[in-house]
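Just data-v7.cif here, mmCIF, C-alpha atoms:
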data_start
loop_
_atom_site.label_atom_id
_atom_site.label_comp_id
_atom_site.auth_asym_id
_atom_site.auth_seq_id
_atom_site.Cartn_x
_atom_site.Cartn_y
_atom_site.Cartn_z
CA MET M 147 40.16 24.22 -119.81
CA SER M 148 43.86 23.61 -119.33
CA PRO M 149 46.07 26.21 -121.07
CA GLU M 150 48.66 23.51 -121.81
CA ARG M 151 48.65 21.04 -124.67
CA LEU M 152 49.22 17.51 -123.35
CA GLU M 153 50.96 14.72 -125.24
CA ILE M 154 51.98 11.13 -124.50
CA VAL M 155 55.26 10.00 -126.07
CA ARG M 156 55.19 6.33 -126.98
CA THR M 157 57.78 5.94 -129.75
CA ALA M 158 61.56 6.20 -129.92
CA GLU M 159 61.22 8.59 -132.87
CA ARG M 160 59.07 11.05 -130.94
CA LEU M 161 61.33 10.69 -127.89
CA ALA M 162 64.29 11.76 -130.02
CA ALA M 163 62.36 14.64 -131.61
CA VAL M 164 61.46 16.28 -128.28
CA GLY M 165 65.07 16.11 -127.08
CA PRO M 166 65.98 19.81 -127.55
CA ALA M 167 62.84 21.10 -125.82
CA TRP M 168 63.20 18.61 -122.97
CA THR M 169 66.87 19.50 -122.51
CA ALA M 170 66.05 23.22 -122.40
CA LEU M 171 63.45 22.58 -119.69
CA TRP M 172 65.85 20.37 -117.73
CA ARG M 173 68.69 22.90 -117.83
CA GLY M 174 66.41 25.69 -116.69
CA SER M 175 64.79 23.71 -113.88
CA GLY M 176 67.88 22.62 -111.96
CA ALA M 177 66.53 19.05 -111.83
CA LEU M 178 68.82 16.08 -111.38
CA VAL M 179 70.36 14.27 -114.33
CA PHE M 180 67.95 11.37 -113.72
CA GLN M 181 65.14 13.55 -115.13
CA SER M 182 67.08 14.68 -118.21
CA HIS M 183 66.20 13.66 -121.74
CA ALA M 184 69.73 12.37 -122.28
CA TRP M 185 69.42 9.96 -119.33
CA ILE M 186 66.04 8.60 -120.38
CA ALA M 187 67.11 8.27 -124.02
CA ALA M 188 70.35 6.49 -123.04
CA TRP M 189 68.32 3.98 -121.06
CA TRP M 190 65.72 3.42 -123.78
CA THR M 191 68.23 2.94 -126.59
CA THR M 192 70.30 0.40 -124.63
CA ALA M 193 67.62 -1.50 -122.67
CA PRO M 194 68.12 -5.22 -123.42
CA ASP M 195 64.48 -5.99 -122.55
CA ALA M 196 62.82 -3.16 -124.47
CA LYS M 197 60.37 -5.63 -126.07
CA ARG M 198 58.54 -6.01 -122.77
CA ARG M 199 58.50 -2.27 -122.13
CA SER M 200 56.71 0.71 -123.62
CA LEU M 201 57.11 4.44 -123.22
CA GLN M 202 54.36 6.42 -121.48
CA ILE M 203 56.01 9.84 -121.17
CA VAL M 204 53.54 12.67 -120.60
CA LEU M 205 54.52 16.13 -121.89
CA ALA M 206 52.87 19.48 -121.28
CA TRP M 207 53.42 22.23 -123.87
CA ARG M 208 52.73 25.93 -123.55
CA GLY M 209 52.79 26.98 -127.17
CA GLU M 210 56.10 25.61 -128.50
CA THR M 211 57.70 25.54 -125.04
CA LEU M 212 57.83 22.34 -123.02
CA VAL M 213 56.87 23.10 -119.41
CA ALA M 214 56.54 19.68 -117.74
CA VAL M 215 57.50 16.02 -118.20
CA LEU M 216 56.23 12.92 -116.43
CA PRO M 217 58.88 10.36 -117.52
CA LEU M 218 57.06 7.05 -117.24
CA ALA M 219 57.13 3.66 -118.93
CA THR M 220 55.38 0.32 -118.60
CA CYS M 221 56.96 -3.05 -118.01
CA ARG M 222 55.20 -6.40 -118.35
CA ARG M 223 55.58 -8.51 -115.22
CA ARG M 224 53.62 -11.68 -114.55
CA GLY M 225 51.06 -10.67 -117.13
CA LEU M 226 50.55 -7.19 -115.65
CA ARG M 227 51.39 -3.87 -117.31
CA LEU M 228 53.22 -2.07 -114.53
CA LEU M 229 53.63 1.70 -114.88
CA GLU M 230 56.88 2.98 -113.34
CA TRP M 231 59.55 5.62 -113.80
CA ALA M 232 61.31 5.49 -117.14
CA ALA M 233 64.90 4.29 -116.58
CA LYS M 234 63.80 3.15 -113.12
CA ASP M 235 66.57 0.55 -112.79
CA HIS M 236 69.24 3.24 -113.24
CA THR M 237 67.49 6.12 -111.47
CA ASP M 238 68.14 6.71 -107.77
CA TYR M 239 65.62 9.53 -107.38
CA GLY M 240 62.43 9.35 -109.45
CA ASP M 241 60.47 12.51 -110.16
CA ALA M 242 58.64 14.70 -112.63
CA LEU M 243 60.27 17.64 -114.39
CA VAL M 244 58.38 20.95 -114.11
CA VAL M 245 59.12 24.55 -115.06
CA HIS M 246 59.53 26.84 -112.05
CA ASP M 247 56.36 28.92 -112.62
CA ALA M 248 54.08 25.96 -113.33
CA ASP M 249 50.52 25.89 -112.10
CA PRO M 250 50.42 23.56 -109.06
CA GLY M 251 47.65 21.59 -110.76
CA LEU M 252 49.60 20.94 -113.96
CA LEU M 253 51.03 17.57 -112.92
CA ARG M 254 47.61 16.46 -111.75
CA ARG M 255 46.10 17.33 -115.13
CA MET M 256 48.88 15.39 -116.84
CA TRP M 257 48.19 12.42 -114.59
CA ARG M 258 44.47 12.48 -115.34
CA HIS M 259 45.30 12.61 -119.07
CA LEU M 260 47.47 9.50 -118.83
CA SER M 261 44.95 7.71 -116.61
CA ALA M 262 42.24 8.26 -119.19
CA ALA M 263 44.49 7.05 -122.02
CA GLY M 264 45.23 3.81 -120.18
CA GLY M 265 47.72 1.19 -121.29
CA PHE M 266 48.62 0.00 -117.78
CA ASP M 267 47.12 -2.05 -114.95
CA LEU M 268 49.14 -1.08 -111.90
CA VAL M 269 51.26 1.95 -110.91
CA TYR M 270 54.35 1.82 -108.72
CA LEU M 271 56.42 4.97 -108.40
CA ASN M 272 59.30 4.72 -105.95
CA ARG M 273 62.37 6.58 -104.65
CA LEU M 274 60.52 9.83 -104.04
CA LEU M 275 62.55 12.44 -102.20
CA PRO M 276 60.72 14.50 -99.55
CA GLU M 277 60.74 17.50 -101.92
CA ALA M 278 59.79 15.55 -105.07
CA ALA M 279 57.47 17.45 -107.42
CA ALA M 280 55.64 14.18 -108.16
CA ARG M 281 54.21 14.20 -104.64
CA ALA M 282 51.57 16.54 -106.06
CA LEU M 283 49.98 13.40 -107.55
CA LEU M 284 49.01 12.30 -104.04
CA ASP M 285 46.75 15.35 -103.70
CA PRO M 286 43.03 14.42 -103.50
CA ALA M 287 42.47 16.85 -106.38
CA ALA M 288 44.08 14.23 -108.63
CA ALA M 289 41.30 11.77 -107.85
CA ALA M 290 39.87 12.02 -111.37
CA GLY M 291 42.91 10.00 -112.45
CA VAL M 292 44.14 6.73 -111.03
CA ARG M 293 44.31 7.28 -107.29
CA LEU M 294 47.80 6.93 -105.86
CA ARG M 295 48.31 5.92 -102.25
CA PRO M 296 51.47 5.70 -100.12
CA ASN M 297 52.99 2.24 -100.36
CA HIS M 298 54.66 0.41 -97.50
CA ARG M 299 57.98 0.09 -99.32
CA SER M 300 60.63 2.68 -98.66
CA GLU M 301 64.34 3.05 -99.27
CA VAL M 302 67.03 5.25 -97.80
CA SER M 303 69.75 7.58 -98.96
CA PHE M 304 72.80 7.99 -96.72
CA ARG M 305 74.72 11.26 -96.85
CA VAL M 306 77.75 12.99 -95.39
CA VAL M 307 76.74 16.53 -94.48
CA GLY M 308 78.89 18.98 -92.53
CA ASP M 309 80.88 22.19 -92.47
CA TRP M 310 84.42 20.87 -92.14
CA PRO M 311 86.89 23.47 -93.46
CA THR M 312 89.07 20.86 -95.16
CA GLY M 313 89.09 17.19 -96.03
CA ALA M 314 91.85 16.69 -93.47
CA ALA M 315 89.55 18.19 -90.81
CA TRP M 316 86.83 15.69 -91.77
CA LEU M 317 89.33 12.83 -91.49
CA ALA M 318 90.47 14.09 -88.09
CA SER M 319 86.83 14.08 -86.94
CA GLN M 320 86.53 10.35 -87.55
CA SER M 321 87.12 7.81 -84.80
CA LYS M 322 90.63 6.65 -84.02
CA LYS M 323 89.73 3.16 -85.27
CA THR M 324 88.41 4.51 -88.57
CA ARG M 325 91.57 6.54 -89.15
CA GLN M 326 93.72 3.54 -88.31
CA ASN M 327 91.77 1.31 -90.70
CA TYR M 328 92.24 3.90 -93.44
CA ARG M 329 96.00 4.03 -92.92
CA ARG M 330 96.25 0.25 -92.67
CA GLY M 331 94.31 -0.13 -95.90
CA GLN M 332 96.62 2.28 -97.66
CA LYS M 333 99.66 0.41 -96.34
CA PHE M 334 98.33 -3.03 -97.29
CA ILE M 335 97.61 -1.98 -100.86
CA GLY M 336 100.82 0.04 -101.05
CA ASP M 337 102.87 -3.01 -100.07
CA SER M 338 101.94 -4.50 -103.46
CA GLY M 339 102.97 -1.44 -105.49
CA ALA M 340 102.73 2.31 -105.81
CA LEU M 341 99.35 3.48 -104.48
CA ARG M 342 97.64 6.43 -106.16
CA PHE M 343 94.24 8.07 -105.75
CA ARG M 344 93.17 10.31 -108.60
CA LEU M 345 90.29 12.03 -110.31
CA LEU M 346 90.28 11.11 -113.99
CA PRO M 347 90.59 14.16 -116.25
CA PRO M 348 87.60 15.06 -118.46
CA ASP M 349 89.39 13.84 -121.60
CA ALA M 350 90.47 10.49 -120.11
CA PRO M 351 89.33 7.47 -122.17
CA MET M 352 86.56 5.87 -120.12
CA ALA M 353 86.23 2.59 -122.01
CA PRO M 354 89.09 0.78 -120.18
CA VAL M 355 87.89 2.08 -116.82
CA LEU M 356 84.31 0.98 -117.41
CA ALA M 357 85.45 -2.41 -118.73
CA ARG M 358 87.43 -2.92 -115.52
CA LEU M 359 84.49 -1.73 -113.41
CA ALA M 360 82.07 -4.10 -115.17
CA GLU M 361 84.50 -7.01 -114.83
CA LEU M 362 84.82 -6.47 -111.08
CA LYS M 363 81.07 -5.96 -110.69
CA ARG M 364 80.23 -9.18 -112.53
CA ALA M 365 82.55 -11.13 -110.26
CA TRP M 366 81.01 -9.60 -107.16
CA LEU M 367 77.44 -10.19 -108.37
CA ALA M 368 78.19 -13.82 -109.21
CA GLY M 369 79.73 -14.37 -105.79
CA ASN M 370 76.59 -13.01 -104.13
CA ALA M 371 74.05 -14.74 -106.39
CA LEU M 372 72.84 -11.38 -107.75
CA GLU M 373 72.24 -10.10 -111.27
CA SER M 374 72.34 -6.77 -113.09
CA ASN M 375 72.34 -6.42 -116.88
CA LEU M 376 74.06 -3.04 -116.47
CA TYR M 377 77.38 -4.89 -116.20
CA ASP M 378 76.91 -7.61 -118.82
CA ALA M 379 79.94 -8.11 -121.04
CA GLY M 380 79.54 -5.93 -124.11
CA SER M 381 76.47 -4.13 -122.75
CA PRO M 382 76.25 -0.53 -124.03
CA ALA M 383 74.11 0.65 -121.10
CA LEU M 384 76.77 1.68 -118.58
CA PRO M 385 78.96 3.47 -121.16
CA ALA M 386 75.87 5.31 -122.46
CA LEU M 387 74.89 6.55 -119.00
CA VAL M 388 78.43 7.58 -118.12
CA ARG M 389 78.63 9.40 -121.46
CA VAL M 390 75.59 11.43 -120.40
CA LEU M 391 77.36 12.43 -117.20
CA ALA M 392 80.47 13.38 -119.16
CA GLU M 393 78.67 15.35 -121.87
CA THR M 394 76.67 17.33 -119.30
CA GLY M 395 79.89 18.19 -117.45
CA LEU M 396 78.76 16.41 -114.28
CA LEU M 397 81.06 13.37 -114.30
CA ARG M 398 83.64 12.85 -111.58
CA ALA M 399 85.34 9.46 -111.95
CA PHE M 400 87.69 8.48 -109.13
CA VAL M 401 90.11 5.56 -109.14
CA LEU M 402 92.48 3.96 -106.67
CA GLU M 403 95.43 2.38 -108.47
CA CYS M 404 98.21 0.03 -107.45
CA ASP M 405 101.11 0.24 -109.90
CA GLY M 406 98.71 1.68 -112.47
CA VAL M 407 96.10 -1.10 -112.08
CA ILE M 408 92.66 -0.06 -110.84
CA VAL M 409 91.84 -1.69 -107.50
CA ALA M 410 88.78 0.47 -106.79
CA VAL M 411 86.65 2.83 -108.87
CA SER M 412 83.73 5.14 -108.14
CA ILE M 413 81.72 6.77 -110.94
CA ASN M 414 80.34 9.92 -109.35
CA PHE M 415 78.79 13.17 -110.48
CA VAL M 416 78.45 16.64 -109.01
CA GLN M 417 75.15 18.47 -109.14
CA ALA M 418 73.49 21.11 -106.96
CA GLY M 419 76.67 21.46 -104.90
CA THR M 420 76.60 17.77 -104.01
CA MET M 421 78.92 14.88 -104.79
CA MET M 422 76.77 11.89 -105.77
CA ALA M 423 78.20 8.36 -105.89
CA PHE M 424 76.53 6.48 -108.76
CA VAL M 425 78.51 3.23 -109.13
CA THR M 426 81.38 1.89 -107.05
CA THR M 427 83.36 -1.36 -106.90
CA TYR M 428 86.70 -2.80 -105.90
CA ASP M 429 89.10 -5.67 -106.60
CA PRO M 430 88.50 -8.54 -104.13
CA ALA M 431 92.16 -9.54 -104.44
CA PHE M 432 92.89 -6.51 -102.23
CA GLU M 433 89.96 -7.01 -99.89
CA ARG M 434 92.14 -7.07 -96.76
CA GLY M 435 93.08 -3.50 -97.57
CA SER M 436 89.45 -2.38 -97.99
CA PRO M 437 90.17 -0.50 -101.22
CA GLY M 438 86.55 0.62 -101.56
CA MET M 439 86.66 2.18 -98.11
CA VAL M 440 90.00 3.86 -98.84
CA LEU M 441 88.68 5.29 -102.11
CA MET M 442 85.49 6.51 -100.45
CA MET M 443 87.42 8.32 -97.74
CA ASP M 444 89.69 9.82 -100.39
CA TYR M 445 86.87 11.24 -102.50
CA ILE M 446 84.99 12.51 -99.44
CA GLN M 447 88.10 14.50 -98.49
CA TRP M 448 88.49 15.68 -102.09
CA SER M 449 84.85 16.82 -102.17
CA ILE M 450 85.18 18.85 -98.99
CA ASP M 451 88.38 20.44 -100.27
CA GLN M 452 86.44 21.49 -103.38
CA GLY M 453 83.85 23.29 -101.26
CA LEU M 454 81.15 20.59 -101.52
CA ARG M 455 79.32 20.21 -98.23
CA VAL M 456 77.25 17.13 -99.12
CA VAL M 457 78.34 13.69 -100.30
CA ASP M 458 75.27 11.69 -101.32
CA PHE M 459 75.68 7.91 -101.60
CA LEU M 460 72.32 7.80 -103.41
CA CYS M 461 69.84 4.96 -102.95
CA GLY M 462 70.68 1.93 -100.82
CA ALA M 463 71.07 0.94 -97.17
CA GLU M 464 74.39 -0.88 -97.52
CA ALA M 465 76.54 -0.88 -94.40
CA PHE M 466 79.53 0.65 -96.14
CA LYS M 467 77.43 3.75 -96.89
CA SER M 468 76.19 4.17 -93.34
CA ARG M 469 79.73 3.94 -91.98
CA PHE M 470 80.45 7.60 -92.71
CA ALA M 471 76.95 9.05 -93.10
CA THR M 472 75.84 11.87 -90.84
CA THR M 473 72.23 11.88 -92.05
CA CYS M 474 69.74 9.62 -93.78
CA VAL M 475 66.82 10.56 -96.06
CA THR M 476 63.81 8.27 -96.52
CA LEU M 477 62.63 7.69 -100.08
CA ASP M 478 58.92 6.90 -100.31
CA SER M 479 56.84 5.03 -102.85
CA VAL M 480 53.25 5.17 -104.09
CA MET M 481 50.97 2.62 -105.73
CA GLY M 482 47.66 2.68 -107.59
CA ARG M 483 45.48 0.36 -109.68
CA ARG M 484 43.67 1.06 -112.91
CA THR M 485 42.18 -2.32 -113.85
CA LEU M 486 40.78 -5.34 -112.05
CA PRO M 487 44.04 -7.32 -112.48
CA GLY M 488 45.85 -4.32 -111.05
CA ALA M 489 43.46 -4.18 -108.11
CA ALA M 490 44.03 -7.88 -107.44
CA ALA M 491 47.80 -7.40 -107.54
CA MET M 492 47.57 -4.45 -105.16
CA MET M 493 45.41 -6.46 -102.74
CA LEU M 494 47.89 -9.35 -102.88
CA ASP M 495 50.74 -6.96 -102.16
CA SER M 496 48.92 -5.67 -99.07
CA TRP M 497 48.14 -9.18 -97.89
CA ASN M 498 51.74 -10.31 -98.33
CA ARG M 499 52.84 -7.39 -96.20
CA VAL M 500 50.44 -8.39 -93.42
CA VAL M 501 51.78 -11.96 -93.49
CA ARG M 502 55.40 -10.76 -93.40
CA ASP M 503 54.65 -8.45 -90.46
CA MET M 504 53.01 -11.30 -88.55
CA ARG M 505 55.98 -13.57 -89.13
CA ARG M 506 58.42 -10.83 -88.15
CA HIS M 507 56.47 -10.22 -84.96
CA ARG M 508 56.76 -13.91 -84.03
CA THR M 509 60.38 -14.52 -85.03
CA GLY M 510 62.02 -11.08 -84.86
CA PRO M 511 63.49 -9.13 -87.78
CA ALA M 512 65.25 -11.05 -90.52
CA PRO M 513 68.95 -10.35 -91.10
CA THR M 514 69.66 -7.67 -93.68
CA ILE M 515 71.63 -8.70 -96.76
CA ALA M 516 73.19 -5.82 -98.64
CA LYS M 517 72.71 -5.80 -102.39
CA SER M 518 75.99 -4.03 -103.10
CA GLU M 519 79.50 -4.78 -102.03
CA ALA M 520 80.89 -3.45 -98.82
CA ALA M 521 83.80 -1.11 -99.22
#
Now, as a test, write the supplied structure out as structure tokens.
Amino acid sequence: MSPERLEIVRTAERLAAVGPAWTALWRGSGALVFQSHAWIAAWWTTAPDAKRRSLQIVLAWRGETLVAVLPLATCRRRGLRLLEWAAKDHTDYGDALVVHDADPGLLRRMWRHLSAAGGFDLVYLNRLLPEAAARALLDPAAAAGVRLRPNHRSEVSFRVVGDWPTGAAWLASQSKKTRQNYRRGQKFIGDSGALRFRLLPPDAPMAPVLARLAELKRAWLAGNALESNLYDAGSPALPALVRVLAETGLLRAFVLECDGVIVAVSINFVQAGTMMAFVTTYDPAFERGSPGMVLMMDYIQWSIDQGLRVVDFLCGAEAFKSRFATTCVTLDSVMGRRTLPGAAAMMLDSWNRVVRDMRRHRTGPAPTIAKSEAA
């Protein structure tokens, strides 16, 4: 008999009620902001498509103390109920939240509890770091629940890792061409007005900055035939997520300005001694000066000067991230089926992969198209 009491949160009211206990667990665990109650709640209260989603958050209580959270939700896609990470679209690293002294089998018991309760056809959990606690669900001991298997999809996280004594030392370690491009970019932008890089103070009004960011993002997305409701005009989602970063004291918002007008912006946060770049964009009117690249090099130097030895560009294989990265981490995914429709979808996914691999073998790899703007 499990010593923990298990619960599945399915309503917004219950999600709000467990906020204090969840936050206490999160603060004590050292987990990333993506697993915090504030992050999940900000997503759920601003999701424009909430009608096709439902919460499936599994909690484990030890008396009145919350000791583990599996933050999951379902989304209806092509008639299937797909179980995935809650706030998946805004979460770079998906994972469970577990107290430090938890029984190794606790997450597996939580998974079996959710599997028995049902409410989903197919499971797809992605962006798992190598050290993710949720990897315990791949253990054969979890077989009493829906069996999860490694999926062929993977993503990457590029990072700058080193022991440079100063930001200037990091810059000096770059190639001559990179340093020249940086100076040329600064000069090109500076020819149009006074150039300034700065970290916004904690009490700076973020609304104008986020409005500018969203405006630039919408233009870039439209030009590349891409979509993201995070940047829709009037959408409360991005401000809500940035507010979470600010209220937890993690936010680091950097801007590059020309005569006081933002030409590049990067919404970052610092956690576990690491600078993490959440959202970045730039003004295409200054594209010849590569303002995104200039801003990135500026905040990398700033981070090193502050004693941070890792700059994490989070999820995504865009070329502008790999330009400065010294290491790359692979993010894995897992999949499982609970119902016959789910099994059929999983089989189709496997078959489609076989077909793609056969075509790639005959024609060579397809060109990669980045989903975010180059700096």
**Report entry** Result set, the PyMOL selection byres ((chain M and resi 407-411) around 6) on current file, as a ChimeraX atom specification
**Finding:** /M:400-406,412,426-429,437-438
Requested in this report: Evaluate the PyMOL selection byres ((chain M and resi 271) around 9) on the structure here and hand back the selected residues as a list in words.
Outcome: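 With the PyMOL selection byres ((chain M and resi 271) around 9) on this model, the match is Leu229, Glu230, Trp231, Lys234, Gly240, Asp241, Val269, Tyr270, Asn272, Arg273, Leu274, Asp478, Ser479, Val480 and Met481 of chain M.
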Report task. Rank nothing, just name the residue among M:Leu205, M:Leu178, M:Met352, M:Leu362 nearest to M:Ala386, using all atoms listed in the file. Result ->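 That would be M:Met352, the residue with the smallest distance to M:Ala386.
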Where does the PyMOL selection byres ((chain M and resi 233) around 8) land in this file, that is, which residues does it pick, as a PDB file with C-alpha atoms, in the frame of the given file?
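As a result, out35.pdb now contains:
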ATOM      1  CA  TRP M 185      69.420   9.960-119.330  1.00  0.00           C
ATOM      2  CA  ILE M 186      66.040   8.600-120.380  1.00  0.00           C
ATOM      3  CA  TRP M 189      68.320   3.980-121.060  1.00  0.00           C
ATOM      4  CA  TRP M 190      65.720   3.420-123.780  1.00  0.00           C
ATOM      5  CA  TRP M 231      59.550   5.620-113.800  1.00  0.00           C
ATOM      6  CA  ALA M 232      61.310   5.490-117.140  1.00  0.00           C
ATOM      7  CA  LYS M 234      63.800   3.150-113.120  1.00  0.00           C
ATOM      8  CA  ASP M 235      66.570   0.550-112.790  1.00  0.00           C
ATOM      9  CA  HIS M 236      69.240   3.240-113.240  1.00  0.00           C
ATOM     10  CA  THR M 237      67.490   6.120-111.470  1.00  0.00           C
TER      11      THR M 237
END
Neighbours of M:Arg151 within 8 Å (all atoms listed in the file; same-chain residues fewer than 5 positions away dropped), as a PDB file with C-alpha atoms, in the coordinates of the input?
ATOM      1  CA  ALA M 206      52.870  19.480-121.280  1.00  0.00           C
ATOM      2  CA  TRP M 207      53.420  22.230-123.870  1.00  0.00           C
ATOM      3  CA  ARG M 208      52.730  25.930-123.550  1.00  0.00           C
ATOM      4  CA  GLY M 209      52.790  26.980-127.170  1.00  0.00           C
TER       5      GLY M 209
END
Report task. Could you please determine the separation between atom CA of M:Asp267 and atom CA of M:Arg227 in Å, to one decimal place? Result ->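 Computing it gives 5.2 Å between the two atoms.
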Find the spatial neighbours of stretch 394-397 of chain M, counting all atoms listed in the file, within a cut-off of 6 Å - ignore same-chain residues fewer than 2 positions away - and output them as an mmCIF file with C-alpha atoms, in the frame of the given file.
data_model
loop_
_atom_site.group_PDB
_atom_site.id
_atom_site.type_symbol
_atom_site.label_atom_id
_atom_site.label_comp_id
_atom_site.auth_asym_id
_atom_site.auth_seq_id
_atom_site.Cartn_x
_atom_site.Cartn_y
_atom_site.Cartn_z
ATOM 1 C CA LEU M 391 77.360 12.430 -117.200
ATOM 2 C CA ALA M 392 80.470 13.380 -119.160
ATOM 3 C CA PHE M 415 78.790 13.170 -110.480
ATOM 4 C CA VAL M 416 78.450 16.640 -109.010
#
Env of M:Gly251: 12 Å cut, atoms = all atoms listed in the file, seq-sep filter 5 positions within chain, self excluded. Answer as a PDB file with C-alpha atoms, keeping the file's coordinate frame.
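Contents of result.pdb, freshly written:
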ATOM      1  CA  SER M 148      43.860  23.610-119.330  1.00  0.00           C
ATOM      2  CA  PRO M 149      46.070  26.210-121.070  1.00  0.00           C
ATOM      3  CA  GLU M 150      48.660  23.510-121.810  1.00  0.00           C
ATOM      4  CA  ALA M 206      52.870  19.480-121.280  1.00  0.00           C
ATOM      5  CA  ALA M 214      56.540  19.680-117.740  1.00  0.00           C
ATOM      6  CA  VAL M 244      58.380  20.950-114.110  1.00  0.00           C
ATOM      7  CA  MET M 256      48.880  15.390-116.840  1.00  0.00           C
ATOM      8  CA  TRP M 257      48.190  12.420-114.590  1.00  0.00           C
ATOM      9  CA  ARG M 258      44.470  12.480-115.340  1.00  0.00           C
ATOM     10  CA  ALA M 279      57.470  17.450-107.420  1.00  0.00           C
ATOM     11  CA  ALA M 280      55.640  14.180-108.160  1.00  0.00           C
ATOM     12  CA  ARG M 281      54.210  14.200-104.640  1.00  0.00           C
ATOM     13  CA  ALA M 282      51.570  16.540-106.060  1.00  0.00           C
ATOM     14  CA  LEU M 283      49.980  13.400-107.550  1.00  0.00           C
ATOM     15  CA  LEU M 284      49.010  12.300-104.040  1.00  0.00           C
ATOM     16  CA  ASP M 285      46.750  15.350-103.700  1.00  0.00           C
ATOM     17  CA  PRO M 286      43.030  14.420-103.500  1.00  0.00           C
ATOM     18  CA  ALA M 287      42.470  16.850-106.380  1.00  0.00           C
ATOM     19  CA  ALA M 288      44.080  14.230-108.630  1.00  0.00           C
TER      20      ALA M 288
END
Report task. Mind checking which residues fall within 10 Å of M:Leu161, counting only C-alpha atoms, ignoring those fewer than 6 positions away in the same chain, and posting them as a list in words? Result ->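 Contacts, with the query itself left out: Ile154, Val155, Trp168, His183, Ile186, Ala187, Trp190, Leu201 and Ile203 of chain M.
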Query raised in the report: Could you work out how far atom CA of M:Phe343 lies from atom CA of M:Leu441, giving the answer in Å with one decimal?
Result: 7.2 Å
Would you give the centre and edge lengths, in Å to one decimal, of a box along x, y and z around the listed atoms of stretch 484-500 of chain M, with 3 Å added to each side, as lines of an AutoDock Vina configuration file?
center_x = 46.8
center_y = -4.6
center_z = -103.6
size_x = 18.1
size_y = 17.4
size_z = 26.4
Taking (70.0, 20.0, -104.2) in the coordinates of the supplied file, I want to know which residues reach to within 12 Å of it, counting all atoms listed in the file; could you give the answer as a short mmCIF file (atom, residue, chain, number, x, y, z; two decimals) with C-alpha atoms, in the frame of the given file?
data_model
loop_
_atom_site.label_atom_id
_atom_site.label_comp_id
_atom_site.auth_asym_id
_atom_site.auth_seq_id
_atom_site.Cartn_x
_atom_site.Cartn_y
_atom_site.Cartn_z
CA SER M 175 64.79 23.71 -113.88
CA GLY M 176 67.88 22.62 -111.96
CA ALA M 177 66.53 19.05 -111.83
CA LEU M 178 68.82 16.08 -111.38
CA VAL M 179 70.36 14.27 -114.33
CA TYR M 239 65.62 9.53 -107.38
CA LEU M 275 62.55 12.44 -102.20
CA PRO M 276 60.72 14.50 -99.55
CA GLU M 277 60.74 17.50 -101.92
CA ALA M 278 59.79 15.55 -105.07
CA VAL M 416 78.45 16.64 -109.01
CA GLN M 417 75.15 18.47 -109.14
CA ALA M 418 73.49 21.11 -106.96
CA GLY M 419 76.67 21.46 -104.90
CA THR M 420 76.60 17.77 -104.01
CA MET M 421 78.92 14.88 -104.79
CA MET M 422 76.77 11.89 -105.77
CA LEU M 454 81.15 20.59 -101.52
CA ARG M 455 79.32 20.21 -98.23
CA VAL M 456 77.25 17.13 -99.12
CA VAL M 457 78.34 13.69 -100.30
CA ASP M 458 75.27 11.69 -101.32
#
Query raised in the report: What's the 9 Å shell around M:Ser468, counting all atoms listed in the file, without same-chain residues fewer than 5 positions away, as a list in words?
Result: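 My list of contacting residues is Phe304, Arg305, Ala463, Thr473 and Cys474 of chain M.
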Report task. Compare M:Gln181, M:Gly174, M:Ser200, M:Leu268 by their minimum atom-to-atom distance to M:Gly488, counting all atoms listed in the file, and give me the closest one. Result ->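 Answer, going by the shortest atom-to-atom distance: M:Leu268.
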Query raised in the report: Which is closer to M:Tyr377 than all the others in M:Ala490, M:Ala357, M:Leu477, M:Ala162, using all atoms listed in the file?
Result: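 Smallest separation from M:Tyr377 among the options: M:Ala357.
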Requested in this report: Would you mind telling me which residue in M:Asp451, M:Asp247, M:Asp349, M:Glu393 lies nearest to M:Ala315 when using all atoms listed in the file?
Outcome: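 With all atoms listed in the file as the atom set, the closest residue is M:Asp451.
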Query raised in the report: So what do you get for atom CA of M:Ser436 versus atom CA of M:Glu373, distance-wise?
Result: 23.1 Å
